[in-house]
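Undergrad: Contents are CSV, C-alpha atoms and all ligand atoms; file name structure-v1.csv:
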chain,number,residue,atom,x,y,z
A,1,MET,CA,75.1,101.9,100.0
A,2,THR,CA,74.3,105.4,98.9
A,3,THR,CA,71.2,106.5,100.8
A,4,ASN,CA,70.7,110.0,99.4
A,5,VAL,CA,69.7,111.7,102.7
A,6,PRO,CA,68.5,115.3,102.6
A,7,PRO,CA,70.9,118.1,103.5
A,8,GLU,CA,69.1,118.7,106.8
A,9,TYR,CA,69.9,115.2,107.8
A,10,THR,CA,73.5,115.7,107.1
A,11,LYS,CA,73.4,118.9,109.2
A,12,ALA,CA,71.8,117.0,112.1
A,13,GLU,CA,74.4,114.3,111.7
A,14,LEU,CA,77.2,116.8,111.8
A,15,ARG,CA,75.8,118.1,115.1
A,16,TYR,CA,75.5,114.6,116.3
A,17,ARG,CA,79.2,114.0,115.5
A,18,SER,CA,80.7,117.2,116.6
A,19,THR,CA,79.4,117.3,120.1
A,20,SER,CA,80.4,115.1,123.0
A,21,ASN,CA,77.5,116.3,125.1
A,22,LEU,CA,75.2,113.4,125.3
A,23,ASP,CA,72.0,115.4,125.6
A,24,GLU,CA,72.9,117.4,122.5
A,25,LYS,CA,73.8,114.1,120.8
A,26,LEU,CA,70.4,112.7,121.7
A,27,GLU,CA,68.6,115.7,120.3
A,28,ALA,CA,70.5,115.5,117.0
A,29,LEU,CA,70.0,111.8,116.7
A,30,LYS,CA,66.3,112.1,117.1
A,31,GLU,CA,66.2,114.7,114.4
A,32,MET,CA,68.2,112.4,112.1
A,33,MET,CA,65.6,109.7,112.7
A,34,VAL,CA,62.8,112.0,111.7
A,35,LEU,CA,64.7,113.2,108.6
A,36,VAL,CA,66.0,109.9,107.2
A,37,PRO,CA,64.0,109.0,104.1
A,38,LYS,CA,61.9,105.9,104.7
A,39,HIS,CA,62.7,103.6,101.8
A,40,LYS,CA,64.4,100.3,101.3
A,41,GLY,CA,67.8,101.8,100.7
A,42,THR,CA,67.9,103.3,104.2
A,43,GLU,CA,66.7,100.3,106.0
A,44,ARG,CA,70.0,99.4,107.5
A,45,LEU,CA,70.7,103.0,108.4
A,46,ARG,CA,67.4,103.2,110.2
A,47,VAL,CA,68.1,100.1,112.1
A,48,ASP,CA,71.5,101.5,113.0
A,49,LEU,CA,70.0,104.8,114.2
A,50,LYS,CA,67.5,103.0,116.4
A,51,LYS,CA,70.4,101.0,118.0
A,52,ARG,CA,72.3,104.1,118.5
A,53,LEU,CA,69.3,105.7,120.2
A,54,SER,CA,68.8,103.0,122.7
A,55,LYS,CA,72.5,102.9,123.5
A,56,LEU,CA,72.6,106.6,123.9
A,57,GLN,CA,69.6,106.6,126.2
A,58,GLU,CA,71.2,103.9,128.3
A,59,GLU,CA,74.4,105.9,128.5
A,60,ILE,CA,72.5,109.0,129.6
A,61,GLN,CA,70.7,107.1,132.3
A,62,LYS,CA,73.9,105.5,133.6
A,63,LYS,CA,76.0,108.7,133.6
A,64,PRO,CA,76.4,110.7,136.7
A,65,LYS,CA,75.4,114.3,135.9
A,66,GLN,CA,78.1,116.7,134.8
A,67,THR,CA,80.9,114.3,134.2
A,68,LYS,CA,83.2,115.5,131.5
A,69,VAL,CA,83.4,113.4,128.4
A,70,SER,CA,87.0,112.6,127.6
A,71,THR,CA,88.4,113.6,124.2
A,72,GLN,CA,89.7,110.1,124.0
A,73,ALA,CA,86.2,109.2,122.9
A,74,TRP,CA,87.1,110.4,119.4
A,75,GLU,CA,88.1,107.0,117.9
A,76,HIS,CA,86.0,107.1,114.8
A,77,ILE,CA,84.1,109.7,112.7
A,78,GLU,CA,81.7,108.2,110.4
A,79,ARG,CA,82.3,109.0,106.8
A,80,ALA,CA,79.9,111.3,105.0
A,81,GLY,CA,79.6,112.6,101.5
A,82,ALA,CA,82.0,111.7,98.7
A,83,GLY,CA,84.9,111.0,101.0
A,84,GLN,CA,86.7,111.9,104.2
A,85,VAL,CA,89.8,114.2,104.3
A,86,VAL,CA,91.8,114.9,107.4
A,87,LEU,CA,93.7,118.2,107.7
A,88,VAL,CA,97.1,117.7,109.3
A,89,GLY,CA,100.1,119.8,109.9
A,90,LEU,CA,102.3,121.6,112.4
A,91,PRO,CA,100.9,124.0,114.9
A,92,ASN,CA,99.5,127.2,113.4
A,93,CYS,CA,99.7,126.1,109.8
A,94,GLY,CA,96.2,127.2,109.1
A,95,LYS,CA,94.0,124.1,109.4
A,96,SER,CA,91.2,125.6,111.4
A,97,SER,CA,91.1,128.7,109.3
A,98,LEU,CA,90.9,126.6,106.1
A,99,LEU,CA,88.0,124.5,107.6
A,100,ALA,CA,86.2,127.6,108.5
A,101,ALA,CA,86.7,129.1,105.1
A,102,VAL,CA,85.2,126.3,103.1
A,103,THR,CA,82.6,124.8,105.5
A,104,HIS,CA,80.0,125.9,108.0
A,105,ALA,CA,82.0,124.5,110.8
A,106,LYS,CA,83.3,126.9,113.5
A,107,PRO,CA,86.6,125.7,114.8
A,108,GLU,CA,88.6,127.9,117.1
A,109,ILE,CA,91.2,130.0,115.2
A,110,ALA,CA,94.0,131.5,117.1
A,111,ASP,CA,97.4,132.9,116.5
A,112,PHE,CA,98.9,130.6,119.1
A,113,PRO,CA,99.7,127.0,118.5
A,114,PHE,CA,97.7,124.1,120.0
A,115,SER,CA,94.3,125.9,119.8
A,116,THR,CA,92.7,122.7,118.5
A,117,PHE,CA,92.2,119.9,121.0
A,118,THR,CA,89.2,118.0,119.6
A,119,PRO,CA,88.4,117.2,116.0
A,120,THR,CA,86.0,119.5,114.2
A,121,VAL,CA,84.1,118.2,111.2
A,122,GLY,CA,82.7,120.2,108.3
A,123,MET,CA,81.2,119.5,104.9
A,124,MET,CA,82.7,121.2,101.9
A,125,THR,CA,80.8,121.6,98.7
A,126,PHE,CA,82.3,120.9,95.3
A,127,GLU,CA,79.8,121.3,92.5
A,128,ASP,CA,77.0,118.9,93.5
A,129,VAL,CA,79.0,116.8,96.0
A,130,GLN,CA,80.0,117.2,99.6
A,131,ILE,CA,83.4,116.3,100.9
A,132,GLN,CA,83.9,115.7,104.6
A,133,LEU,CA,86.8,117.6,106.2
A,134,ILE,CA,88.2,117.0,109.6
A,135,ASP,CA,90.4,119.5,111.5
A,136,LEU,CA,92.8,117.8,113.9
A,137,PRO,CA,95.1,118.9,116.6
A,138,PRO,CA,98.6,119.6,115.2
A,139,PHE,CA,101.5,117.1,114.9
A,140,SER,CA,103.6,117.3,118.0
A,141,GLU,CA,105.1,114.9,120.5
A,142,PHE,CA,101.9,115.5,122.6
A,143,ALA,CA,99.5,114.4,119.9
A,144,GLU,CA,97.3,111.7,121.3
A,145,PRO,CA,96.8,108.3,119.7
A,146,TRP,CA,93.3,109.1,118.6
A,147,VAL,CA,94.6,111.7,116.3
A,148,TYR,CA,96.5,109.1,114.3
A,149,ASN,CA,93.5,106.7,114.5
A,150,LEU,CA,91.4,109.3,112.7
A,151,VAL,CA,94.2,109.8,110.1
A,152,ARG,CA,94.3,106.1,109.4
A,153,GLN,CA,90.6,106.0,108.7
A,154,ALA,CA,90.5,108.9,106.3
A,155,ASP,CA,90.5,108.6,102.5
A,156,ILE,CA,92.9,111.5,102.0
A,157,VAL,CA,95.6,113.0,104.2
A,158,ALA,CA,95.7,116.7,103.4
A,159,MET,CA,99.1,118.0,104.6
A,160,LEU,CA,99.0,121.7,105.2
A,161,ILE,CA,102.2,123.5,104.7
A,162,ASP,CA,102.5,127.1,105.9
A,163,LEU,CA,104.1,129.3,103.1
A,164,SER,CA,104.6,132.2,105.5
A,165,GLN,CA,107.2,130.3,107.5
A,166,PRO,CA,110.9,130.0,106.6
A,167,ALA,CA,111.7,126.9,104.6
A,168,PRO,CA,108.2,125.5,104.5
A,169,GLU,CA,109.5,122.5,102.5
A,170,ASP,CA,111.1,121.2,105.7
A,171,SER,CA,107.7,120.8,107.4
A,172,VAL,CA,106.7,118.3,104.7
A,173,MET,CA,109.4,115.9,105.9
A,174,GLU,CA,108.6,116.7,109.5
A,175,GLY,CA,104.9,115.8,109.0
A,176,LEU,CA,105.8,112.7,107.1
A,177,ASP,CA,108.0,111.6,109.9
A,178,TYR,CA,105.3,112.0,112.5
A,179,LEU,CA,103.0,109.9,110.3
A,180,GLU,CA,105.6,107.3,109.6
A,181,LYS,CA,106.2,106.9,113.3
A,182,ALA,CA,102.5,106.2,113.6
A,183,ASN,CA,102.8,103.6,110.9
A,184,ILE,CA,101.0,105.7,108.3
A,185,LYS,CA,102.7,105.8,104.9
A,186,VAL,CA,101.4,108.8,102.9
A,187,VAL,CA,102.0,108.6,99.1
A,188,GLY,CA,100.9,110.4,96.0
A,189,PRO,CA,97.9,109.0,94.1
A,190,LYS,CA,100.2,107.3,91.5
A,191,ASN,CA,101.9,105.2,94.1
A,192,PHE,CA,98.8,104.4,96.1
A,193,ASP,CA,98.2,100.7,96.6
A,194,LYS,CA,94.7,99.9,97.7
A,195,SER,CA,95.8,96.5,98.9
A,196,PHE,CA,99.0,97.7,100.6
A,197,PRO,CA,100.0,94.7,102.7
A,198,GLY,CA,101.6,96.7,105.5
A,199,PRO,CA,103.2,97.0,108.0
A,200,GLY,CA,100.9,99.9,108.9
A,201,VAL,CA,98.5,101.6,106.5
A,202,MET,CA,98.9,103.5,103.3
A,203,ARG,CA,97.0,106.7,102.6
A,204,LYS,CA,96.8,109.1,99.6
A,205,GLY,CA,98.3,112.5,100.3
A,206,GLN,CA,97.6,116.0,99.0
A,207,ILE,CA,99.8,119.0,99.8
A,208,ILE,CA,97.9,122.2,100.6
A,209,ALA,CA,100.2,125.2,100.8
A,210,THR,CA,98.5,127.7,103.0
A,211,LYS,CA,98.7,131.5,103.5
A,212,ALA,CA,99.7,132.1,99.9
A,213,ASP,CA,98.8,135.8,100.5
A,214,ALA,CA,101.3,136.2,103.3
A,215,PRO,CA,104.0,138.7,102.6
A,216,ALA,CA,106.9,137.1,104.3
A,217,PRO,CA,109.3,135.6,103.5
A,218,GLU,CA,108.5,134.8,99.8
A,219,PRO,CA,105.5,132.6,99.3
A,220,THR,CA,105.9,132.3,95.5
A,221,GLU,CA,109.5,131.1,95.8
A,222,ALA,CA,108.6,128.8,98.7
A,223,LEU,CA,105.8,127.3,96.6
A,224,LYS,CA,108.3,126.7,93.7
A,225,THR,CA,110.7,124.9,96.1
A,226,LEU,CA,107.8,122.8,97.3
A,227,GLN,CA,106.9,121.9,93.7
A,228,GLU,CA,110.5,121.0,92.9
A,229,MET,CA,110.9,118.8,95.9
A,230,TYR,CA,107.5,117.2,96.3
A,231,GLY,CA,105.5,118.0,93.2
A,232,GLU,CA,106.5,114.7,91.5
A,233,GLU,CA,104.9,112.6,94.3
A,234,TYR,CA,102.0,114.7,95.6
A,235,PRO,CA,99.5,117.0,94.0
A,236,ILE,CA,100.1,120.5,95.4
A,237,VAL,CA,97.6,123.4,95.6
A,238,ALA,CA,98.2,126.8,97.1
A,239,VAL,CA,95.4,128.4,99.1
A,240,SER,CA,94.7,131.6,101.0
A,241,THR,CA,91.6,132.0,103.1
A,242,HIS,CA,91.2,135.4,101.5
A,243,GLU,CA,91.2,134.1,97.9
A,244,LEU,CA,88.0,132.4,96.7
A,245,GLU,CA,89.5,131.3,93.4
A,246,LYS,CA,92.4,129.4,95.2
A,247,LEU,CA,89.9,127.8,97.6
A,248,ASN,CA,87.9,126.6,94.7
A,249,GLY,CA,91.0,125.1,93.1
A,250,MET,CA,91.5,123.2,96.4
A,251,ARG,CA,87.9,121.9,96.3
A,252,ARG,CA,88.5,120.5,92.8
A,253,ALA,CA,91.9,119.1,93.8
A,254,LEU,CA,90.4,117.2,96.7
A,255,PHE,CA,87.6,115.9,94.6
A,256,GLU,CA,90.1,114.7,92.0
A,257,ILE,CA,92.3,112.9,94.4
A,258,LEU,CA,89.3,111.1,95.9
A,259,ASP,CA,89.0,109.4,92.5
A,260,VAL,CA,85.3,108.9,92.5
A,261,VAL,CA,82.6,109.3,89.8
A,262,ARG,CA,79.2,110.8,90.0
A,263,VAL,CA,76.3,109.0,88.3
A,264,TYR,CA,72.8,110.3,88.0
A,265,SER,CA,69.8,108.0,87.7
A,266,LYS,CA,66.7,108.6,85.6
A,267,LYS,CA,63.4,106.8,85.2
A,268,PRO,CA,62.3,106.0,81.6
A,269,GLY,CA,60.6,108.9,80.0
A,270,GLN,CA,61.7,111.3,82.8
A,271,PRO,CA,64.6,113.7,83.2
A,272,ALA,CA,67.5,112.7,85.4
A,273,SER,CA,67.5,113.8,89.0
A,274,LYS,CA,70.5,116.1,89.0
A,275,GLU,CA,70.7,116.9,92.6
A,276,ALA,CA,71.9,113.8,94.3
A,277,PRO,CA,74.4,111.8,92.3
A,278,TYR,CA,75.4,108.3,93.3
A,279,ILE,CA,79.1,108.5,94.2
A,280,LEU,CA,81.3,105.4,93.4
A,281,PRO,CA,85.0,104.7,93.1
A,282,ARG,CA,86.4,105.3,89.6
A,283,GLY,CA,86.3,102.1,87.6
A,284,SER,CA,82.8,101.1,89.0
A,285,THR,CA,80.5,99.2,86.6
A,286,MET,CA,76.8,99.4,85.9
A,287,LEU,CA,76.3,96.5,88.3
A,288,ASP,CA,78.0,98.6,91.1
A,289,VAL,CA,75.6,101.4,90.3
A,290,ALA,CA,72.6,99.1,90.5
A,291,LYS,CA,73.8,97.9,93.9
A,292,ALA,CA,74.2,101.4,95.1
A,293,ILE,CA,70.7,102.3,94.1
A,294,HIS,CA,69.2,99.3,95.7
A,295,HIS,CA,70.7,95.9,96.6
A,296,ASP,CA,67.8,94.0,95.0
A,297,LEU,CA,68.3,95.8,91.8
A,298,ALA,CA,71.7,94.2,91.4
A,299,GLU,CA,70.1,90.8,91.0
A,300,SER,CA,67.2,91.9,88.8
A,301,LEU,CA,69.3,94.2,86.5
A,302,LYS,CA,68.8,93.3,82.9
A,303,PHE,CA,70.5,96.2,81.1
A,304,ALA,CA,70.8,99.9,81.3
A,305,ARG,CA,70.7,102.9,79.0
A,306,ILE,CA,73.4,105.5,79.4
A,307,TRP,CA,73.8,109.1,78.5
A,308,GLY,CA,77.2,110.8,78.7
A,309,SER,CA,80.2,108.7,78.1
A,310,ALA,CA,78.5,106.2,75.8
A,311,GLU,CA,79.2,106.3,72.1
A,312,PHE,CA,75.6,107.5,71.4
A,313,GLN,CA,73.1,108.9,73.8
A,314,GLY,CA,70.8,106.4,75.4
A,315,GLN,CA,73.0,103.5,74.3
A,316,ARG,CA,72.2,100.1,75.8
A,317,VAL,CA,75.0,98.8,78.0
A,318,GLU,CA,75.4,95.6,80.0
A,319,ARG,CA,76.2,95.1,83.7
A,320,ASP,CA,80.0,95.1,83.2
A,321,HIS,CA,80.0,98.5,81.5
A,322,VAL,CA,82.4,100.9,83.3
A,323,VAL,CA,80.6,104.2,84.2
A,324,GLN,CA,82.3,107.7,83.9
A,325,ASP,CA,81.9,110.8,86.0
A,326,GLY,CA,78.7,112.6,85.0
A,327,ASP,CA,77.0,109.7,83.3
A,328,ILE,CA,73.2,109.5,83.4
A,329,ILE,CA,71.8,106.0,83.6
A,330,GLU,CA,68.4,104.4,83.3
A,331,VAL,CA,68.2,101.0,84.8
A,332,HIS,CA,66.0,98.3,83.3
A,333,SER,CA,65.2,95.3,85.5
B,1,LIG,N1,97.6,135.7,106.0
B,1,LIG,C1,97.0,134.6,106.2
B,1,LIG,N2,96.9,134.1,107.5
B,1,LIG,C2,96.3,133.0,107.8
B,1,LIG,C3,95.7,132.2,106.7
B,1,LIG,N3,95.1,131.1,107.3
B,1,LIG,C4,95.4,131.2,108.6
B,1,LIG,N4,96.1,132.3,108.9
B,1,LIG,C5,96.5,132.7,110.3
B,1,LIG,O1,97.3,131.7,110.8
B,1,LIG,C6,97.1,131.6,112.3
B,1,LIG,C7,96.9,130.1,112.6
B,1,LIG,O2,95.6,129.7,112.0
B,1,LIG,P1,94.8,128.5,112.5
B,1,LIG,O3,93.8,128.2,111.5
B,1,LIG,O4,94.4,128.6,113.9
B,1,LIG,O5,95.9,127.3,112.4
B,1,LIG,P2,95.9,125.8,113.0
B,1,LIG,O6,96.6,125.9,114.3
B,1,LIG,O7,96.6,125.0,112.0
B,1,LIG,O8,94.5,125.4,113.1
B,1,LIG,C8,96.0,132.5,112.6
B,1,LIG,O9,96.5,133.7,113.1
B,1,LIG,C9,95.3,132.8,111.2
B,1,LIG,O10,94.6,134.0,111.2
B,1,LIG,C10,95.8,132.7,105.4
B,1,LIG,O11,95.3,132.1,104.4
B,1,LIG,N5,96.5,133.9,105.2
B,2,MG,MG,93.6,124.7,114.8
Just dump the structure as structure tokens.
Ligand SMILES: Nc1nc2c(ncn2[C@@H]2O[C@H](COP(=O)(O)OP(=O)(O)O)[C@@H](O)[C@H]2O)c(=O)[nH]1
Ligand SMILES: [Mg+2]
TA:
Amino acid sequence: MTTNVPPEYTKAELRYRSTSNLDEKLEALKEMMVLVPKHKGTERLRVDLKKRLSKLQEEIQKKPKQTKVSTQAWEHIERAGAGQVVLVGLPNCGKSSLLAAVTHAKPEIADFPFSTFTPTVGMMTFEDVQIQLIDLPPFSEFAEPWVYNLVRQADIVAMLIDLSQPAPEDSVMEGLDYLEKANIKVVGPKNFDKSFPGPGVMRKGQIIATKADAPAPEPTEALKTLQEMYGEEYPIVAVSTHELEKLNGMRRALFEILDVVRVYSKKPGQPASKEAPYILPRGSTMLDVAKAIHHDLAESLKFARIWGSAEFQGQRVERDHVVQDGDIIEVHS
């Protein structure tokens, strides 16, 4: 359920996720409990937070002081915002720089490979939504199993390809090989099958060609080759951490491949609340929107009025009406 938590909550949650220090975790969790809005829609979340708190307190009590928390603990990063995107690629391809350029996260950036050993999470803004990005250690024979576990759980696998390297197109295949060996099949959005039977899992892939500003050897030519070889299957965007416009193009591309719609709710006689859209998979109906607002509302929903995609403004629609991105809806129950 969409719970519409305030941005401060999301920030506290990010702190909670991005530290393995139990005391820092506890502090962030307490802050989250204060900041979570207290209404029916957040009931389950609040119960969950309480459970996490007592578990964490228990852990802190049990733990001998100053033991290091193993990085193996990273088995799951809870999804936040409109969707979760993992940044993957070969060492030095520019993952951490990209994360730092579009979020407030501060990953370590270095001109040597293997500078990233733990995942770093950041929230990237696109218009009025937030997309969660996760920077991971690079593909290599040393990559630990938890890296692939996080890839399996993500909505989108963003494959970063370094345009400043010779023959960047080769690293697409190399990356896909690593993923395939971990039983992760990464396909373009057209070939994505939500109910993929396996073996393994299927994920949607986006190619992000990085360092488009780099002089050597020939980024424009390299990009062309990438397009020719992989453009049919995967959406491709070129970025440079120095070029705002390109970064904005990437924000949009990731929003599009997530394939979600934003719906704004309004009360009768009042304007729509434009800050916090409900985010649902494309193809969702009025009934799905009602469920997202409040689970009881799904049962009591009589009809809705809709502004945006409807034939005329304020048109009455039934529960099976498919909503579109940007629709404003007024629920009558
Ligand atoms: N010219 C240029 N260099 C970049 C860009 N992004 C990253 N780099 C450089 O590439 C190197 C590796 O970057 P990093 O983000 O640590 O890569 P990671 O190992 O994939 O996380 C660093 O020296 C960065 O300064 C870019 O857009 N343009
Ligand atoms: Mg890195």
Undergrad: Neighbouring residues of segment 281-297 of chain A were defined as those with any atom within 10 Å, considering only C-alpha atoms; residues of the same chain fewer than 5 positions away were excluded. Please report them as a ChimeraX atom specification.
TA: /A:1-4,39-42,82,258-265,302-306,317-325,329-333
Undergrad: Pick out the residues sitting within 10 Å of segment 207-219 of chain A, and hand them over as a count of residues only; count all atoms listed in the file, and ignore anything fewer than 2 positions along from it in its own chain.
TA: 48
Undergrad: Which is closest to Pro145 of chain A among A:Glu75, A:Asp111, A:Asp128, A:Glu59, if we use all atoms listed in the file?
TA: A:Glu75
Undergrad: Write as a CSV table (one decimal) with C-alpha atoms, keeping the file's coordinate frame the residues around ligand MG 2 (chain B), taking 9 Å as the cut-off and counting all atoms listed in the file.
TA:
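Final output, saved to part_28.csv:
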chain,number,residue,atom,x,y,z
A,91,PRO,CA,100.9,124.0,114.9
A,92,ASN,CA,99.5,127.2,113.4
A,93,CYS,CA,99.7,126.1,109.8
A,94,GLY,CA,96.2,127.2,109.1
A,95,LYS,CA,94.0,124.1,109.4
A,96,SER,CA,91.2,125.6,111.4
A,97,SER,CA,91.1,128.7,109.3
A,107,PRO,CA,86.6,125.7,114.8
A,108,GLU,CA,88.6,127.9,117.1
A,109,ILE,CA,91.2,130.0,115.2
A,110,ALA,CA,94.0,131.5,117.1
A,113,PRO,CA,99.7,127.0,118.5
A,114,PHE,CA,97.7,124.1,120.0
A,115,SER,CA,94.3,125.9,119.8
A,116,THR,CA,92.7,122.7,118.5
A,117,PHE,CA,92.2,119.9,121.0
A,135,ASP,CA,90.4,119.5,111.5
A,136,LEU,CA,92.8,117.8,113.9
A,137,PRO,CA,95.1,118.9,116.6
A,138,PRO,CA,98.6,119.6,115.2
Undergrad: What lies within 9 Å of segment 33-38 of chain A using only C-alpha atoms, ignoring chain neighbours under 3 positions off, as a ChimeraX atom specification?
TA: /A:3-6,8-9,12,28-30,41-43,45-46,49-50
Undergrad: Can you tell me, as a list in words, which residues sit within 10 Å of (74.1, 118.4, 103.7) in the file's frame, using all atoms listed in the file?
TA: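 Residues with an atom at most 10 Å from (74.1, 118.4, 103.7): Val5, Pro6, Pro7, Glu8, Tyr9, Thr10, Lys11, Ala12, Glu13, Leu14, Ala80, Gly81, Gly122, Met123, Met124, Thr125, Val129, Gln130 and Ile131 of chain A.
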Undergrad: Could you write out the selected residues, including C-alpha atoms, as a PDB file, keeping the file's coordinate frame?
TA:
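What follows is the written file again.pdb:
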ATOM      1  CA  VAL A   5      69.700 111.700 102.700  1.00  0.00           C
ATOM      2  CA  PRO A   6      68.500 115.300 102.600  1.00  0.00           C
ATOM      3  CA  PRO A   7      70.900 118.100 103.500  1.00  0.00           C
ATOM      4  CA  GLU A   8      69.100 118.700 106.800  1.00  0.00           C
ATOM      5  CA  TYR A   9      69.900 115.200 107.800  1.00  0.00           C
ATOM      6  CA  THR A  10      73.500 115.700 107.100  1.00  0.00           C
ATOM      7  CA  LYS A  11      73.400 118.900 109.200  1.00  0.00           C
ATOM      8  CA  ALA A  12      71.800 117.000 112.100  1.00  0.00           C
ATOM      9  CA  GLU A  13      74.400 114.300 111.700  1.00  0.00           C
ATOM     10  CA  LEU A  14      77.200 116.800 111.800  1.00  0.00           C
ATOM     11  CA  ALA A  80      79.900 111.300 105.000  1.00  0.00           C
ATOM     12  CA  GLY A  81      79.600 112.600 101.500  1.00  0.00           C
ATOM     13  CA  GLY A 122      82.700 120.200 108.300  1.00  0.00           C
ATOM     14  CA  MET A 123      81.200 119.500 104.900  1.00  0.00           C
ATOM     15  CA  MET A 124      82.700 121.200 101.900  1.00  0.00           C
ATOM     16  CA  THR A 125      80.800 121.600  98.700  1.00  0.00           C
ATOM     17  CA  VAL A 129      79.000 116.800  96.000  1.00  0.00           C
ATOM     18  CA  GLN A 130      80.000 117.200  99.600  1.00  0.00           C
ATOM     19  CA  ILE A 131      83.400 116.300 100.900  1.00  0.00           C
TER      20      ILE A 131
END
Undergrad: Which residue gives the smallest distance to Lys267 of chain A among A:Arg44, A:Ala310, A:Glu58, A:Ile328, with all atoms listed in the file counted?
TA: A:Ile328
Undergrad: Measuring between only C-alpha atoms and all ligand atoms, which one of A:Leu280, A:Leu26, A:Val102, A:Leu301 shows the shortest distance to ligand LIG 1 (chain B)?
TA: A:Val102
Undergrad: Using only C-alpha atoms for the distances, tell me which of A:Glu141, A:Asp327, A:Glu232, A:Glu299 is nearest to Lys266 of chain A.
TA: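 With only C-alpha atoms as the atom set, the closest residue is A:Asp327.
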Undergrad: In Å, rounded to a single decimal, give me how far atom CA of Arg251 of chain A is from atom O10 of ligand LIG 1 (chain B).
TA: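 Interatomic distance, atom O10 of ligand LIG 1 (chain B) to atom CA of Arg251 of chain A: 20.3 Å.
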Undergrad: Can you pull out every residue within 8 Å of Val121 of chain A, counting all atoms listed in the file, but drop anything in the same chain fewer than 5 positions away, and send it as a CSV table (one decimal) with C-alpha atoms, in the frame of the given file?
TA:
chain,number,residue,atom,x,y,z
A,14,LEU,CA,77.2,116.8,111.8
A,17,ARG,CA,79.2,114.0,115.5
A,18,SER,CA,80.7,117.2,116.6
A,105,ALA,CA,82.0,124.5,110.8
A,132,GLN,CA,83.9,115.7,104.6
A,133,LEU,CA,86.8,117.6,106.2
A,134,ILE,CA,88.2,117.0,109.6
A,135,ASP,CA,90.4,119.5,111.5
Undergrad: Can you tell me how far atom C2 of ligand LIG 1 (chain B) sits from atom CA of Tyr148 of chain A, in Å to one decimal?
TA: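 Taking atom C2 of ligand LIG 1 (chain B) and atom CA of Tyr148 of chain A, their separation equals 24.8 Å.
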Undergrad: Let me make sure I understand: among A:Lys25, A:Lys204, A:Lys190, A:Lys106, which one has the smallest atom-to-atom distance to Arg152 of chain A if we use all atoms listed in the file?
TA: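 Looking at the shortest contact to Arg152 of chain A, the residue is A:Lys204.
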Undergrad: So which residues touch Ala154 of chain A within 7 Å, counting all atoms listed in the file, skipping near sequence neighbours fewer than 6 positions away, as a PyMOL selection string?
TA: chain A and resi 84-86
Undergrad: Identify which of the residues A:Phe196, A:Gln61, A:Thr220, A:Trp307 lies closest to Pro271 of chain A, counting only C-alpha atoms when measuring atom-to-atom distances.
TA: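 That would be A:Trp307, the residue with the smallest distance to Pro271 of chain A.
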Undergrad: Can you tell me how far atom CA of Gly269 of chain A sits from atom CA of Arg316 of chain A, in Å to one decimal?
TA: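 So the answer is 15.2 Å.
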